>>> print(open('entry_37.cif').read())   # mmCIF, C-alpha atoms; chains and numbers go by the auth columns
data_input
loop_
_atom_site.group_PDB
_atom_site.id
_atom_site.type_symbol
_atom_site.label_atom_id
_atom_site.label_comp_id
_atom_site.label_asym_id
_atom_site.label_seq_id
_atom_site.Cartn_x
_atom_site.Cartn_y
_atom_site.Cartn_z
_atom_site.B_iso_or_equiv
_atom_site.auth_seq_id
_atom_site.auth_asym_id
ATOM 1 C CA MET A 1 89.292 103.873 113.891 0.00 93 A
ATOM 2 C CA ALA A 2 89.513 107.631 113.496 0.00 94 A
ATOM 3 C CA VAL A 3 90.488 109.283 110.248 0.00 95 A
ATOM 4 C CA VAL A 4 93.200 111.916 109.890 0.00 96 A
ATOM 5 C CA SER A 5 90.852 114.825 109.173 0.00 97 A
ATOM 6 C CA ALA A 6 87.321 115.499 107.994 0.00 98 A
ATOM 7 C CA ASP A 7 88.465 115.671 104.366 0.00 99 A
ATOM 8 C CA HIS A 8 90.290 112.292 104.472 0.00 100 A
ATOM 9 C CA GLY A 9 88.728 108.892 104.713 0.00 101 A
ATOM 10 C CA SER A 10 85.257 107.938 105.732 0.00 102 A
ATOM 11 C CA GLU A 11 84.237 104.789 107.550 0.00 103 A
ATOM 12 C CA ASP A 12 81.120 104.438 105.393 0.00 104 A
ATOM 13 C CA LEU A 13 83.373 104.114 102.320 0.00 105 A
ATOM 14 C CA ASN A 14 85.379 101.236 103.785 0.00 106 A
ATOM 15 C CA PRO A 15 84.609 98.077 101.781 0.00 107 A
ATOM 16 C CA SER A 16 84.745 95.802 104.854 0.00 108 A
ATOM 17 C CA HIS A 17 80.946 95.824 105.117 0.00 109 A
ATOM 18 C CA ILE A 18 80.468 94.610 101.529 0.00 110 A
ATOM 19 C CA SER A 19 79.807 90.913 101.266 0.00 111 A
ATOM 20 C CA ILE A 20 79.645 88.561 98.355 0.00 112 A
ATOM 21 C CA SER A 21 76.146 87.827 97.089 0.00 113 A
ATOM 22 C CA SER A 22 74.605 84.556 98.220 0.00 114 A
ATOM 23 C CA LYS A 23 73.815 83.983 94.527 0.00 115 A
ATOM 24 C CA GLN A 24 77.505 84.243 93.593 0.00 116 A
ATOM 25 C CA THR A 25 78.933 80.809 92.766 0.00 117 A
ATOM 26 C CA TYR A 26 82.549 81.977 92.527 0.00 118 A
ATOM 27 C CA THR A 27 84.801 83.071 95.356 0.00 119 A
ATOM 28 C CA PRO A 28 87.646 85.570 95.616 0.00 120 A
ATOM 29 C CA ARG A 29 91.032 83.993 95.003 0.00 121 A
ATOM 30 C CA PRO A 30 92.769 83.522 98.376 0.00 122 A
ATOM 31 C CA PHE A 31 96.300 84.827 98.889 0.00 123 A
ATOM 32 C CA TYR A 32 98.438 84.212 101.970 0.00 124 A
ATOM 33 C CA PRO A 33 101.137 86.550 103.311 0.00 125 A
ATOM 34 C CA SER A 34 103.783 84.138 101.994 0.00 126 A
ATOM 35 C CA ASP A 35 102.278 84.435 98.482 0.00 127 A
ATOM 36 C CA ILE A 36 102.533 88.233 98.632 0.00 128 A
ATOM 37 C CA HIS A 37 106.092 88.221 99.978 0.00 129 A
ATOM 38 C CA GLU A 38 107.198 85.672 97.393 0.00 130 A
ATOM 39 C CA HIS A 39 105.676 87.603 94.510 0.00 131 A
ATOM 40 C CA ASN A 40 107.042 90.989 95.571 0.00 132 A
ATOM 41 C CA LYS A 41 110.526 89.753 96.454 0.00 133 A
ATOM 42 C CA ASP A 42 111.702 89.104 92.914 0.00 134 A
ATOM 43 C CA GLU A 43 109.385 91.233 90.834 0.00 135 A
ATOM 44 C CA LYS A 44 110.697 94.556 89.593 0.00 136 A
ATOM 45 C CA ASN A 45 107.768 95.577 87.402 0.00 137 A
ATOM 46 C CA SER A 46 104.952 94.083 89.433 0.00 138 A
ATOM 47 C CA PHE A 47 103.711 94.766 92.938 0.00 139 A
ATOM 48 C CA LEU A 48 100.899 93.186 94.921 0.00 140 A
ATOM 49 C CA GLY A 49 99.585 95.572 97.546 0.00 141 A
ATOM 50 C CA ILE A 50 96.923 94.873 100.125 0.00 142 A
ATOM 51 C CA ILE A 51 94.211 97.526 100.328 0.00 143 A
ATOM 52 C CA ASP A 52 91.494 97.031 102.935 0.00 144 A
ATOM 53 C CA GLY A 53 92.106 93.258 102.820 0.00 145 A
ATOM 54 C CA TYR A 54 91.960 92.963 99.025 0.00 146 A
ATOM 55 C CA VAL A 55 95.004 91.847 97.054 0.00 147 A
ATOM 56 C CA CYS A 56 95.619 94.384 94.307 0.00 148 A
ATOM 57 C CA ASP A 57 98.015 94.328 91.410 0.00 149 A
ATOM 58 C CA CYS A 58 99.510 97.824 91.625 0.00 150 A
ATOM 59 C CA SER A 59 101.903 97.337 88.709 0.00 151 A
ATOM 60 C CA ASN A 60 100.478 100.327 86.854 0.00 152 A
ATOM 61 C CA PHE A 61 101.772 102.616 89.588 0.00 153 A
ATOM 62 C CA VAL A 62 105.089 100.778 89.854 0.00 154 A
ATOM 63 C CA ASN A 63 105.765 100.968 86.125 0.00 155 A
ATOM 64 C CA ASP A 64 104.928 104.673 85.873 0.00 156 A
ATOM 65 C CA LYS A 65 106.572 106.102 88.964 0.00 157 A
ATOM 66 C CA LYS A 66 104.986 109.526 88.377 0.00 158 A
ATOM 67 C CA MET A 67 101.444 108.192 88.754 0.00 159 A
ATOM 68 C CA HIS A 68 101.327 107.732 92.526 0.00 160 A
ATOM 69 C CA PRO A 69 101.125 111.177 94.161 0.00 161 A
ATOM 70 C CA GLY A 70 102.935 109.928 97.282 0.00 162 A
ATOM 71 C CA GLY A 71 105.822 108.593 95.234 0.00 163 A
ATOM 72 C CA ILE A 72 107.036 105.106 94.494 0.00 164 A
ATOM 73 C CA LYS A 73 108.746 104.624 97.869 0.00 165 A
ATOM 74 C CA LYS A 74 105.478 105.234 99.698 0.00 166 A
ATOM 75 C CA LEU A 75 103.593 102.907 97.392 0.00 167 A
ATOM 76 C CA LEU A 76 106.103 100.089 97.823 0.00 168 A
ATOM 77 C CA SER A 77 105.803 100.354 101.623 0.00 169 A
ATOM 78 C CA THR A 78 102.020 99.784 101.540 0.00 170 A
ATOM 79 C CA ASN A 79 102.234 96.288 103.061 0.00 171 A
ATOM 80 C CA GLU A 80 104.411 97.332 106.018 0.00 172 A
ATOM 81 C CA ALA A 81 102.941 97.568 109.513 0.00 173 A
ATOM 82 C CA LYS A 82 104.042 101.177 110.032 0.00 174 A
ATOM 83 C CA ILE A 83 101.998 102.325 107.025 0.00 175 A
ATOM 84 C CA GLY A 84 98.685 100.612 107.647 0.00 176 A
ATOM 85 C CA ALA A 85 95.717 101.536 109.768 0.00 177 A
ATOM 86 C CA THR A 86 96.030 98.451 111.979 0.00 178 A
ATOM 87 C CA GLY A 87 99.697 98.640 112.994 0.00 179 A
ATOM 88 C CA LYS A 88 100.189 95.187 111.477 0.00 180 A
ATOM 89 C CA ASP A 89 101.538 94.081 108.119 0.00 181 A
ATOM 90 C CA PHE A 90 98.989 94.337 105.306 0.00 182 A
ATOM 91 C CA GLY A 91 96.845 96.827 107.231 0.00 183 A
ATOM 92 C CA PHE A 92 96.749 99.638 104.633 0.00 184 A
ATOM 93 C CA SER A 93 93.377 101.281 104.106 0.00 185 A
ATOM 94 C CA PHE A 94 92.074 104.013 101.819 0.00 186 A
ATOM 95 C CA THR A 95 89.547 105.019 104.499 0.00 187 A
ATOM 96 C CA ARG A 96 91.210 104.433 107.877 0.00 188 A
ATOM 97 C CA GLY A 97 94.334 105.485 109.706 0.00 189 A
ATOM 98 C CA ARG A 98 97.073 107.995 109.035 0.00 190 A
ATOM 99 C CA ASN A 99 97.267 107.217 105.316 0.00 191 A
ATOM 100 C CA ALA A 100 93.558 107.598 104.624 0.00 192 A
ATOM 101 C CA HIS A 101 92.944 109.068 101.183 0.00 193 A
ATOM 102 C CA PHE A 102 90.443 111.633 99.963 0.00 194 A
ATOM 103 C CA PRO A 103 86.841 110.325 99.877 0.00 195 A
ATOM 104 C CA ASP A 104 86.756 110.036 96.072 0.00 196 A
ATOM 105 C CA THR A 105 89.560 107.468 96.244 0.00 197 A
ATOM 106 C CA GLY A 106 87.712 105.451 98.892 0.00 198 A
ATOM 107 C CA LYS A 107 84.473 105.638 96.911 0.00 199 A
ATOM 108 C CA THR A 108 86.170 104.522 93.694 0.00 200 A
ATOM 109 C CA PHE A 109 87.762 101.559 95.464 0.00 201 A
ATOM 110 C CA GLN A 110 84.499 100.639 97.201 0.00 202 A
ATOM 111 C CA GLU A 111 82.732 100.592 93.816 0.00 203 A
ATOM 112 C CA GLY A 112 85.543 98.421 92.432 0.00 204 A
ATOM 113 C CA VAL A 113 85.140 95.948 95.311 0.00 205 A
ATOM 114 C CA LYS A 114 81.388 95.747 94.655 0.00 206 A
ATOM 115 C CA ALA A 115 82.025 95.079 90.955 0.00 207 A
ATOM 116 C CA TYR A 116 84.656 92.457 91.848 0.00 208 A
ATOM 117 C CA LEU A 117 82.374 90.604 94.258 0.00 209 A
ATOM 118 C CA ASN A 118 79.506 90.645 91.748 0.00 210 A
ATOM 119 C CA GLY A 119 81.712 89.668 88.808 0.00 211 A
ATOM 120 C CA SER A 120 82.172 86.536 86.789 0.00 212 A
ATOM 121 C CA HIS A 121 84.663 83.686 87.007 0.00 213 A
ATOM 122 C CA ASP A 122 88.244 84.005 85.834 0.00 214 A
ATOM 123 C CA GLY A 123 88.244 81.085 83.412 0.00 215 A
ATOM 124 C CA ASN A 124 88.903 78.332 85.916 0.00 216 A
ATOM 125 C CA LYS A 125 85.276 78.409 87.062 0.00 217 A
ATOM 126 C CA LYS A 126 86.327 78.668 90.701 0.00 218 A
ATOM 127 C CA TYR A 127 87.525 82.197 91.450 0.00 219 A
ATOM 128 C CA LEU A 128 86.179 85.604 90.604 0.00 220 A
ATOM 129 C CA ALA A 129 87.754 87.387 87.650 0.00 221 A
ATOM 130 C CA PRO A 130 90.148 90.260 88.435 0.00 222 A
ATOM 131 C CA GLN A 131 88.527 93.699 88.540 0.00 223 A
ATOM 132 C CA GLU A 132 90.239 96.846 87.292 0.00 224 A
ATOM 133 C CA VAL A 133 89.734 99.969 89.411 0.00 225 A
ATOM 134 C CA ASN A 134 90.625 103.242 87.690 0.00 226 A
ATOM 135 C CA PHE A 135 91.689 106.234 89.753 0.00 227 A
ATOM 136 C CA LYS A 136 91.541 108.766 86.924 0.00 228 A
ATOM 137 C CA PRO A 137 93.792 110.503 86.053 0.00 229 A
ATOM 138 C CA ARG A 138 96.343 108.850 88.374 0.00 230 A
ATOM 139 C CA GLY A 139 96.292 105.215 87.349 0.00 231 A
ATOM 140 C CA LYS A 140 94.694 101.915 88.215 0.00 232 A
ATOM 141 C CA VAL A 141 94.902 98.846 90.395 0.00 233 A
ATOM 142 C CA VAL A 142 93.455 95.422 89.656 0.00 234 A
ATOM 143 C CA ILE A 143 91.723 93.527 92.455 0.00 235 A
ATOM 144 C CA VAL A 144 92.887 89.925 92.123 0.00 236 A
ATOM 145 C CA GLY A 145 91.806 88.322 95.403 0.00 237 A
ATOM 146 C CA VAL A 146 91.648 88.587 99.174 0.00 238 A
ATOM 147 C CA LEU A 147 94.291 88.220 101.850 0.00 239 A
ATOM 148 C CA VAL A 148 93.859 85.256 104.181 0.00 240 A
ATOM 149 C CA LEU A 149 95.586 85.744 107.526 0.00 241 A
#
>>> encode(input="entry_37.cif", output="structure tokens")
Amino acid sequence: MAVVSADHGSEDLNPSHISISSKQTYTPRPFYPSDIHEHNKDEKNSFLGIIDGYVCDCSNFVNDKKMHPGGIKKLLSTNEAKIGATGKDFGFSFTRGRNAHFPDTGKTFQEGVKAYLNGSHDGNKKYLAPQEVNFKPRGKVVIVGVLVL
């Protein structure tokens, strides 16, 4: 998929090529579209957004509406088909499509995905622990799992 311009996005920064280590005994927590819809429907101070297939707690941006440079309305529409790179719900990407971000954002997220996939368990000894990804000075997201379609 093409990016918007040379200064936005980069296919080599997309985390889709990163795989979990064969030595890793824990797996990402699976989330289904119904889980995301259910969570976001009633929550006012919490928002789960899908970024490149990873389920991210974006509450930091929701709670401080000045943090997201595109504004809160844009952030809250992340999971909609018209926003994503795929034209389908949950298709948002930092590195692909019309909403591709600057390369530093893609690189920061890619590094967060690597840390998440190489992390430890979350206490239940089954799933990987959530991984905080800081987009200084804007805010942070927390990778909590993967979307299963």
>>> atom_distance(input="entry_37.cif", atom1="CA of Phe153 in chain A", atom2="CA of Lys217 in chain A")
29.4 Å
>>> atom_distance(input="entry_37.cif", atom1="CA of Arg121 in chain A", atom2="CA of Pro222 in chain A")
9.1 Å
>>> resolve_selection(input="entry_37.cif", expression="the PyMOL selection byres ((chain A and resi 236) around 9)", output="ChimeraX atom specification")
/A:120-122,146-149,208,220-224,234-235,237-238
>>> write_last_selection(input="entry_37.cif", atoms="C-alpha atoms", output="JSON list (two decimals), in the coordinates of the input")
[["chain", "number", "residue", "atom", "x", "y", "z"],
["A", 120, "PRO", "CA", 87.65, 85.57, 95.62],
["A", 121, "ARG", "CA", 91.03, 83.99, 95.00],
["A", 122, "PRO", "CA", 92.77, 83.52, 98.38],
["A", 146, "TYR", "CA", 91.96, 92.96, 99.02],
["A", 147, "VAL", "CA", 95.00, 91.85, 97.05],
["A", 148, "CYS", "CA", 95.62, 94.38, 94.31],
["A", 149, "ASP", "CA", 98.02, 94.33, 91.41],
["A", 208, "TYR", "CA", 84.66, 92.46, 91.85],
["A", 220, "LEU", "CA", 86.18, 85.60, 90.60],
["A", 221, "ALA", "CA", 87.75, 87.39, 87.65],
["A", 222, "PRO", "CA", 90.15, 90.26, 88.44],
["A", 223, "GLN", "CA", 88.53, 93.70, 88.54],
["A", 224, "GLU", "CA", 90.24, 96.85, 87.29],
["A", 234, "VAL", "CA", 93.46, 95.42, 89.66],
["A", 235, "ILE", "CA", 91.72, 93.53, 92.46],
["A", 237, "GLY", "CA", 91.81, 88.32, 95.40],
["A", 238, "VAL", "CA", 91.65, 88.59, 99.17]]
>>> resolve_selection(input="entry_37.cif", expression="the PyMOL selection byres ((chain A and resi 142) around 10)", output="PyMOL selection string")
chain A and resi 125+128+139-141+143-150+170-172+176+181-185+235+237-239
>>> closest_residue(input="entry_37.cif", among="A:Lys133, A:Lys174, A:Arg230, A:Lys165", to="Gly189 in chain A", atoms="all atoms listed in the file")
A:Lys174
>>> resolve_selection(input="entry_37.cif", expression="the PyMOL selection byres ((chain A and resi 136) around 12)", output="PyMOL selection string")
chain A and resi 131-135+137-140+150-151+154-155+168
>>> atom_distance(input="entry_37.cif", atom1="CA of Gln116 in chain A", atom2="CA of Phe201 in chain A")
20.2 Å
>>> axis_aligned_box(input="entry_37.cif", around="range 192-199 of chain A", padding_each_side="6 Å", output="lines of an AutoDock Vina configuration file")
center_x = 89.0
center_y = 108.5
center_z = 100.3
size_x = 21.1
size_y = 18.2
size_z = 20.6
